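Source file: my_file.cif. Holds: mmCIF, C-alpha atoms.
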```cif
data_run
#
loop_
_atom_site.label_atom_id
_atom_site.label_comp_id
_atom_site.auth_asym_id
_atom_site.auth_seq_id
_atom_site.Cartn_x
_atom_site.Cartn_y
_atom_site.Cartn_z
CA MET A 1 -5.51 -70.33 258.67
CA SER A 2 -6.13 -70.88 254.96
CA ALA A 3 -3.82 -72.96 252.81
CA GLU A 4 -2.61 -69.70 251.24
CA GLN A 5 -1.58 -68.44 254.67
CA GLU A 6 0.11 -71.70 255.66
CA ARG A 7 2.74 -71.22 258.31
CA ILE A 8 6.36 -71.87 257.39
CA ASP A 9 8.78 -72.61 260.22
CA ALA A 10 12.52 -72.82 260.52
CA THR A 11 13.76 -76.40 260.55
CA VAL A 12 16.61 -78.04 262.43
CA HIS A 13 18.23 -80.83 260.42
CA ARG A 14 19.95 -83.30 262.76
CA TYR A 15 23.47 -84.30 261.75
CA GLY A 16 22.80 -88.04 262.06
CA GLU A 17 19.62 -87.80 259.99
CA ILE A 18 21.15 -86.03 256.97
CA PRO A 19 22.05 -88.65 254.33
CA ILE A 20 25.72 -89.00 253.46
CA GLN A 21 26.72 -88.43 249.85
CA LYS A 22 30.16 -89.34 248.53
CA PHE A 23 32.08 -86.66 246.61
CA GLY A 24 34.85 -89.09 245.75
CA GLU A 25 36.89 -91.38 247.96
CA GLY A 26 37.62 -89.97 251.41
CA ILE A 27 35.03 -87.18 251.11
CA ASP A 28 31.63 -87.39 252.83
CA LEU A 29 28.96 -84.71 252.34
CA ARG A 30 25.79 -84.01 254.31
CA ARG A 31 23.76 -81.47 252.32
CA VAL A 32 20.58 -79.56 253.08
CA GLY A 33 19.14 -77.54 250.20
CA MET A 34 16.50 -74.85 249.99
CA SER A 35 15.19 -72.98 246.97
CA THR A 36 18.04 -70.44 246.83
CA VAL A 37 20.84 -71.75 249.05
CA ALA A 38 22.37 -75.06 250.07
CA GLN A 39 24.48 -75.80 253.14
CA THR A 40 26.90 -78.72 253.19
CA TRP A 41 28.88 -80.31 256.03
CA VAL A 42 32.01 -81.96 254.59
CA GLU A 43 34.34 -84.47 256.24
CA MET A 44 37.53 -85.01 254.23
CA LYS A 45 40.26 -87.48 255.12
CA GLN A 46 43.94 -86.48 255.05
CA GLY A 47 45.50 -86.69 251.61
CA TYR A 48 42.21 -86.54 249.69
CA THR A 49 41.40 -83.80 247.21
CA SER A 50 38.09 -82.63 245.81
CA PRO A 51 37.86 -82.85 242.03
CA LEU A 52 39.05 -79.77 240.18
CA HIS A 53 35.69 -78.24 239.26
CA ARG A 54 33.55 -75.15 238.81
CA HIS A 55 29.84 -74.44 239.19
CA GLU A 56 27.24 -71.84 238.30
CA ASP A 57 26.56 -70.72 241.87
CA GLU A 58 28.78 -68.82 244.28
CA GLN A 59 30.25 -70.78 247.17
CA THR A 60 31.78 -70.14 250.57
CA VAL A 61 33.88 -72.66 252.49
CA VAL A 62 34.44 -72.27 256.24
CA LEU A 63 37.07 -74.55 257.78
CA ILE A 64 35.87 -75.88 261.15
CA LYS A 65 38.65 -78.35 261.98
CA GLY A 66 41.87 -79.44 260.32
CA LYS A 67 43.95 -77.85 257.59
CA LEU A 68 43.13 -77.41 253.90
CA LYS A 69 45.07 -76.31 250.85
CA ALA A 70 42.74 -74.32 248.58
CA ARG A 71 43.43 -74.10 244.86
CA SER A 72 41.94 -71.51 242.54
CA GLY A 73 42.51 -71.20 238.81
CA PRO A 74 43.26 -73.43 235.81
CA ASN A 75 46.45 -75.44 235.27
CA GLY A 76 49.45 -73.18 234.93
CA GLU A 77 47.65 -70.23 236.54
CA GLU A 78 46.66 -71.72 239.87
CA ILE A 79 46.98 -70.03 243.24
CA PHE A 80 47.39 -72.19 246.38
CA THR A 81 46.50 -70.99 249.89
CA GLU A 82 46.59 -72.94 253.15
CA MET A 83 43.53 -72.59 255.35
CA ALA A 84 43.35 -72.87 259.16
CA PRO A 85 40.20 -73.30 261.28
CA GLY A 86 37.99 -70.23 261.04
CA ASP A 87 39.28 -69.22 257.59
CA ILE A 88 36.65 -68.57 254.91
CA LEU A 89 37.22 -69.27 251.22
CA THR A 90 34.92 -67.43 248.80
CA VAL A 91 34.50 -68.81 245.27
CA PRO A 92 32.75 -66.71 242.61
CA ALA A 93 30.55 -68.47 240.04
CA ASN A 94 32.42 -70.45 237.37
CA VAL A 95 35.87 -70.16 239.00
CA ILE A 96 37.90 -73.38 238.79
CA HIS A 97 38.82 -74.59 242.29
CA GLN A 98 39.52 -77.53 244.59
CA VAL A 99 40.59 -78.23 248.15
CA GLU A 100 43.00 -80.80 249.60
CA ALA A 101 42.92 -82.04 253.20
CA LEU A 102 46.42 -81.73 254.65
CA VAL A 103 45.06 -83.49 257.78
CA ASP A 104 41.62 -84.96 258.51
CA SER A 105 39.37 -81.91 258.12
CA VAL A 106 35.80 -80.73 258.59
CA PHE A 107 34.37 -77.74 256.75
CA VAL A 108 31.02 -76.28 255.78
CA GLU A 109 30.07 -74.96 252.38
CA ALA A 110 27.22 -72.69 251.37
CA PHE A 111 26.06 -72.38 247.76
CA GLY A 112 23.77 -69.74 246.35
CA PRO A 113 21.91 -68.03 244.98
CA GLY A 114 20.16 -70.63 243.19
CA PRO A 115 18.95 -73.80 241.68
CA ASN A 116 22.08 -74.93 239.83
CA LEU A 117 23.64 -76.88 242.69
CA GLU A 118 22.69 -80.43 241.76
CA GLN A 119 23.64 -80.00 238.11
CA GLY A 120 26.77 -77.96 238.72
CA ILE A 121 28.88 -80.07 241.06
CA GLN A 122 28.14 -83.60 240.03
CA THR A 123 31.32 -85.62 239.79
CA VAL A 124 31.83 -88.88 237.96
CA PHE A 125 31.85 -90.58 241.37
CA MET A 126 28.50 -89.00 242.37
CA ARG A 127 26.85 -89.89 239.03
CA LYS A 128 28.08 -93.49 239.36
CA GLN A 129 26.72 -93.65 242.92
CA ARG A 130 23.31 -92.34 241.75
CA ARG A 131 23.15 -94.90 238.91
CA GLU A 132 23.95 -97.72 241.36
CA GLU A 133 21.19 -96.52 243.71
CA GLU A 134 18.71 -96.39 240.80
CA ARG A 135 19.70 -99.93 239.70
CA ALA A 136 19.26 -101.22 243.26
CA LYS A 137 15.77 -99.65 243.49
CA ALA A 138 14.78 -101.12 240.14
CA ALA A 139 16.09 -104.55 241.17
CA SER A 140 14.15 -104.45 244.46
CA LYS A 141 10.95 -103.57 242.56
CA ASP A 142 11.55 -106.46 240.15
CA ASN A 143 12.14 -108.86 243.05
CA GLY A 144 9.37 -107.43 245.25
#
```
As a first step, turn the structure in this file into structure tokens.
Amino acid sequence: MSAEQERIDATVHRYGEIPIQKFGEGIDLRRVGMSTVAQTWVEMKQGYTSPLHRHEDEQTVVLIKGKLKARSGPNGEEIFTEMAPGDILTVPANVIHQVEALVDSVFVEAFGPGPNLEQGIQTVFMRKQRREEERAKAASKDNG
């Protein structure tokens, strides 16, 4: 088989091998991205809320376990809906939204169609975490 005909296979990403990212206190993400879609496993502790945000790509949220309160819309125009396991939240591009864990909850998110994910949902917490990781790498190079 030539390099041009290289075989591409489906890949299983093991839960324990997917790095944890923090999306704020009490919110752990495990994200796998491809060229046009990203899938995220989210574990959110009771009482924690995602930042109020929007992003360029569409999003779906499927609640696996727990209970969420979904918010859509800007201040003064928001709509709140409680979600139970199996419920699916769909979020069009650029719609302001957030979720709150009413109990410890697990949900999965899918983003698509495309490459805006990493730019679109960065929070202050995530940017701070990335800067700290970069500083630690630089310090280890300086000391190594």
Taking the point (42.9, -70.0, 241.6) as given in the file, collect each protein or nucleic acid residue that comes within 12 Å of it, counting only C-alpha atoms, and present the set as a PDB file with C-alpha atoms, in the frame of the given file.
```pdb
ATOM      1  CA  LEU A  52      39.050 -79.770 240.180  1.00  0.00           C
ATOM      2  CA  HIS A  53      35.690 -78.240 239.260  1.00  0.00           C
ATOM      3  CA  ARG A  54      33.550 -75.150 238.810  1.00  0.00           C
ATOM      4  CA  LYS A  69      45.070 -76.310 250.850  1.00  0.00           C
ATOM      5  CA  ALA A  70      42.740 -74.320 248.580  1.00  0.00           C
ATOM      6  CA  ARG A  71      43.430 -74.100 244.860  1.00  0.00           C
ATOM      7  CA  SER A  72      41.940 -71.510 242.540  1.00  0.00           C
ATOM      8  CA  GLY A  73      42.510 -71.200 238.810  1.00  0.00           C
ATOM      9  CA  PRO A  74      43.260 -73.430 235.810  1.00  0.00           C
ATOM     10  CA  ASN A  75      46.450 -75.440 235.270  1.00  0.00           C
ATOM     11  CA  GLY A  76      49.450 -73.180 234.930  1.00  0.00           C
ATOM     12  CA  GLU A  77      47.650 -70.230 236.540  1.00  0.00           C
ATOM     13  CA  GLU A  78      46.660 -71.720 239.870  1.00  0.00           C
ATOM     14  CA  ILE A  79      46.980 -70.030 243.240  1.00  0.00           C
ATOM     15  CA  PHE A  80      47.390 -72.190 246.380  1.00  0.00           C
ATOM     16  CA  THR A  81      46.500 -70.990 249.890  1.00  0.00           C
ATOM     17  CA  LEU A  89      37.220 -69.270 251.220  1.00  0.00           C
ATOM     18  CA  THR A  90      34.920 -67.430 248.800  1.00  0.00           C
ATOM     19  CA  VAL A  91      34.500 -68.810 245.270  1.00  0.00           C
ATOM     20  CA  PRO A  92      32.750 -66.710 242.610  1.00  0.00           C
ATOM     21  CA  ASN A  94      32.420 -70.450 237.370  1.00  0.00           C
ATOM     22  CA  VAL A  95      35.870 -70.160 239.000  1.00  0.00           C
ATOM     23  CA  ILE A  96      37.900 -73.380 238.790  1.00  0.00           C
ATOM     24  CA  HIS A  97      38.820 -74.590 242.290  1.00  0.00           C
ATOM     25  CA  GLN A  98      39.520 -77.530 244.590  1.00  0.00           C
ATOM     26  CA  VAL A  99      40.590 -78.230 248.150  1.00  0.00           C
TER      27      VAL A  99
END
```
- Query: What separation in Å, quoted to one decimal, exists between atom CA of A:Glu109 and atom CA of A:Val42?
  - Reply: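 Computed distance, atom CA of A:Glu109 to atom CA of A:Val42, equals 7.6 Å.
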- Applied to this file, what does the PyMOL selection byres ((chain A and resi 16-31) around 8) return in terms of residues, put as a PyMOL selection string? chain A and resi 13-15+32-33+38-45+48+50-51+123+125-126+129
- Work out how far atom CA of A:Thr60 is from atom CA of A:Ala10, in Å to one decimal.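 These atoms are spaced 21.8 Å apart.
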Within 6 Å of stretch 83-86 of chain A using all atoms listed in the file, minus same-chain residues under 3 positions, as a tab-separated table (two decimals) with C-alpha atoms, keeping the file's coordinate frame:
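Generated file (part_36.tsv):
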```
chain	number	residue	atom	x	y	z
A	63	LEU	CA	37.07	-74.55	257.78
A	64	ILE	CA	35.87	-75.88	261.15
A	65	LYS	CA	38.65	-78.35	261.98
A	67	LYS	CA	43.95	-77.85	257.59
A	68	LEU	CA	43.13	-77.41	253.90
```
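Interatomic distance, atom CA of A:Glu82 against atom CA of A:Asp57: 23.1 Å.
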- Item | Residues near A:Gly47, cut-off 9 Å, all atoms listed in the file, skip fewer than 5 positions along chain, as a list in words | Gly26, Glu100, Ala101, Leu102, Val103 and Asp104 of chain A
- Restricting the calculation to only C-alpha atoms, which member of A:Ala110, A:Val12, A:Ile88, A:Ala93 is positioned closest to A:Val37?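 Checking each candidate against A:Val37, we get A:Ala110 as the closest.
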Kindly list the centre and edge lengths in Å, rounded to one decimal, for the axis-aligned box that covers all listed atoms of stretch 78-92 of chain A plus 8 Å on each of its six sides, as AutoDock Vina command-line options.
```
--center_x 40.1 --center_y -70.0 --center_z 250.6 --size_x 30.6 --size_y 22.6 --size_z 37.4
```
